[in-house]
Amino acid sequence: MNPKKVLIVSYYWPPAGGPGVQRWLKFVKYLPEFGIEPHVYIPENPTYPLLDEKLLNEVSSDAIIVKNKIFEPYGLASIFSKKKAKKISSGIIPNQKKQSFVEKAMLWIRGNLFIPDARVFWVKPSVKFLKKYLLENQIDIVITTGPPHSLHLIGLHLKKEIDINWIADFRDPWTTIGYHKQLKLSNWAKERHKTLEREVLNTCDGIIVTSENTKKEFEKITTKPIDVITNGYDIEKVVKKPLDKKFTLAHIGSFLSERNPQILWQVLSELISENIDFANAFQLKLIGAVSNEVLESIANYNLNSFVNYLGYVSHEIALQEQRCSQILLLIEINSEETKCIIPGKLFEYMVSERPIIAIGPNDTDFEKIIKETNSGLFFNYSDKDILKTEILRLFKLYLECNLKTYPVGLQKYSRLKLTETLAKKLKVSSLDF
């Protein structure tokens, strides 16, 4: 049998760094094993806020990469402030009370003039280019993945013009994603987003989401079939480093302003002042972009001297640091909207063989995964006393050289297993998807 041909429309692709690139990089890596030929359509000249050149080595040799030029307004925004434009494009949005006039203006323009996002100018040329490409290459299925959700508009227009078999993959939700509240959206802009979201969800042939809560949210908008395929972990060769000698609590990834866990800083500050052994052993390791608000809070609780801030590192080094840290921190914004968010790093954390301390709102999808896999501890933002007790318990295990984790049931979250699930979906007809 000839392989089924699938075209993935993605903005993020190596050498882009950060979490947005991992999902489809890994799916594309394994799809050929299940009789699917992946074609990947990406921008030729993107403005990536983070770069990781080493990820280019992970691109499957079986993947057919197709590129087309893109115009992005971030280049214009950088005329006013290159640093601020880069921070906002990477998701680091300053606290509203501390935003400068330039930052406020940039956020308003981003939210109200570029709908659904700043990659909207790629839609029209992509539709024109892909109409010809799809027919010439006899593509069976088109998959658009967002954010940026502009890419779903490419699928929407292609569906209307040449009636493709189209699946919309949502790595994050659309109108309920946390940062929408920070974009200073007008009532018109809010309604425009909702209209486009409804149109995409009700026009595509099938929908893939990464969490059960997102599925429930979309089921209120559409009757189209929705499948949950989470992110996951890959079997990676990681140069092993010895465990940190310090009692390190490591946060890996973007530390956004709204993720600022005051409860944690307070607990750590108290333990340092109350326990001299803890003070001598403790270290807070931060890897990735960290907002000024988070850094200020750390300073306010007199934790600066305990911080080891490595900044942004390659994915390879991030994996090394995960596996040599004593404890891994997973922090999510305390809001109703973030219950559906499952940070991609959770799955890599789970196979690092290090305990996880997670803080977030009640009834989150990632809380259920952590408890189901016995890979760590979850706390909500009112659990200060319990959090303090548990960190002290983990510290005692560290002193005894017995700080370990015993996870179960991880295999279903492997990238290979998840790709097998995806491949089965792709091999059925659009009507059955």
# chains A, B, ... in the order shown; residues from 1 in each chain; ligands from 1
>>> select_by_dssp(residues="region 99-264 of chain A", states="strand (DSSP E)", output="list in words")
Ile141, Val142, Ile143, Thr144, Thr145, Gly146, Trp166, Ile167, Ala168, Asp169, Phe170, Gly206, Ile207, Ile208, Val209, Ile226, Asp227, Val228, Phe247, Thr248, Leu249, Ala250, His251 and Ile252 of chain A
>>> residues_around(residues="Glu316 (chain A)", least_positions_apart="5", cutoff="10 Å", atoms="only C-alpha atoms", output="ChimeraX atom specification")
/A:52,54-55,236-239,321
>>> residues_around(residues="Leu156 (chain A)", least_positions_apart="4", cutoff="10 Å", atoms="only C-alpha atoms", output="JSON, numbers by chain")
{"A": [123, 127, 144, 150, 151, 152, 160, 161, 163, 164, 166, 167, 168, 196, 199, 200, 201, 202, 203, 204]}
>>> residues_around(residues="Cys401 (chain A)", least_positions_apart="3", cutoff="12 Å", atoms="only C-alpha atoms", output="count of residues only")
12
>>> closest_residue(among="A:Val21, A:Leu284, A:Ala16, A:Ile36", to="Tyr48 (chain A)", atoms="only C-alpha atoms")
A:Ala16
>>> closest_residue(among="A:Val313, A:Ile226, A:Leu153, A:Leu134", to="Leu51 (chain A)", atoms="only C-alpha atoms")
A:Val313
>>> closest_residue(among="A:Lys4, A:Lys388, A:His193, A:His251", to="Val428 (chain A)", atoms="only C-alpha atoms")
A:Lys4
>>> atom_distance(atom1="CA of Gln22 (chain A)", atom2="CA of Lys128 (chain A)")
27.5 Å
>>> residues_around(residues="region 410-414 of chain A", least_positions_apart="4", cutoff="6 Å", atoms="only C-alpha atoms", output="list in words")
Gly232, Tyr233 and Asp234 of chain A
>>> residues_around(residues="Glu336 (chain A)", least_positions_apart="2", cutoff="10 Å", atoms="only C-alpha atoms", output="list in words")
Thr176, Gly178, Ile333, Asn334, Thr338, Lys339, Cys340, Pro361, Asn362, Asp363 and Thr364 of chain A
>>> select_by_dssp(residues="region 266-430 of chain A", states="alpha helix (DSSP H)", output="ChimeraX atom specification")
/A:266-274,276-281,292-300,315-324,345-350,365-373,384-399,415-426
>>> closest_residue(among="A:Ile64, A:Val209, A:Ile42, A:Leu271", to="Pro173 (chain A)", atoms="only C-alpha atoms")
A:Val209
>>> closest_residue(among="A:Ser60, A:Asn2, A:Thr222, A:Thr419", to="Asp140 (chain A)", atoms="only C-alpha atoms")
A:Asn2
>>> closest_residue(among="A:Leu113, A:Ile162, A:Leu403, A:Leu56", to="Lys131 (chain A)", atoms="only C-alpha atoms")
A:Ile162
>>> residues_around(residues="Phe121 (chain A)", least_positions_apart="6", cutoff="9 Å", atoms="only C-alpha atoms", output="ChimeraX atom specification")
/A:70-73,114,150
